[in-house]
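Trainee: Mind having a look at this structure? Questions to follow.
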Amino acid sequence: MNKKLAAALSGGAVLVLALTGCSGSEDNKELDAWAKKVCDLVPAQNKKITAAYDAITKAAEDTESTPAELQKADSQAFQDLSDGYKARATVISTAGAPPGAEGGEKKLQAAVKQLTALSAAYADMKAQVDGLNTKDQAKFATGLKEVSAEMKKVETQRQTALTALKDLESGDTKQALSEQSGCKQASTSPEASAPATDS
């Protein structure tokens, strides 16, 4: 049953920055400084989020795991996902709107709102997993089905957050981010090159 949960998570790995090797943008020291604030923390955030997805997949593939072990693994993973996306929201909120970006403040608020909502959704998923009945195999299996169904809704939220981040990280902002070492490191991760995972 836990494989259905992993399937619901597949393709929904990390919200990483949109990174391309563009060139020729105007020199903007303020924007570069903003990008550095964001990118310096990207590798650590991505590592935590990626590890959480990996943990859920590993638990799903482990046929020897007991219900209690599955519950523990999934619960911790959802907590880490919640913390990871909350941290991403905090970083861009603290950095503020990208200097000189058209509609930057509005785009920033939209991205922060969606990332915060995504973090809350994963916190709810943790609570749902924590409430599963591990003493009764049948009830546990039914509970996992419900968790899997809920994950489909969370995936929709993830896509919404992804769109908001893409909007924030467009134009010159995207170029400034691509030049930072932290974001370059994120761009080399498997998740960064996977379909529909880059922002």
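Please note that chains go A, B, ... in the order of the structure tokens, that every chain numbers its residues from 1, and that ligands are numbered from 1 in the order shown.
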What's the 7 Å shell around Leu165 (chain A), counting only C-alpha atoms, without same-chain residues fewer than 3 positions away, as a ChimeraX atom specification?
Mentor: /A:111,161-162,168-169,199
Trainee: Can you list, as a PyMOL selection string, every residue of region 2-177 of chain A that DSSP puts in alpha helix (DSSP H)?
Mentor: chain A and resi 2-9+29-39+42-61+67-95+104-130+137-168+172-177
Trainee: Calculate how many Å separate CA of Val38 (chain A) from CA of Asp124 (chain A), rounding to one decimal.
Mentor: 26.8 Å
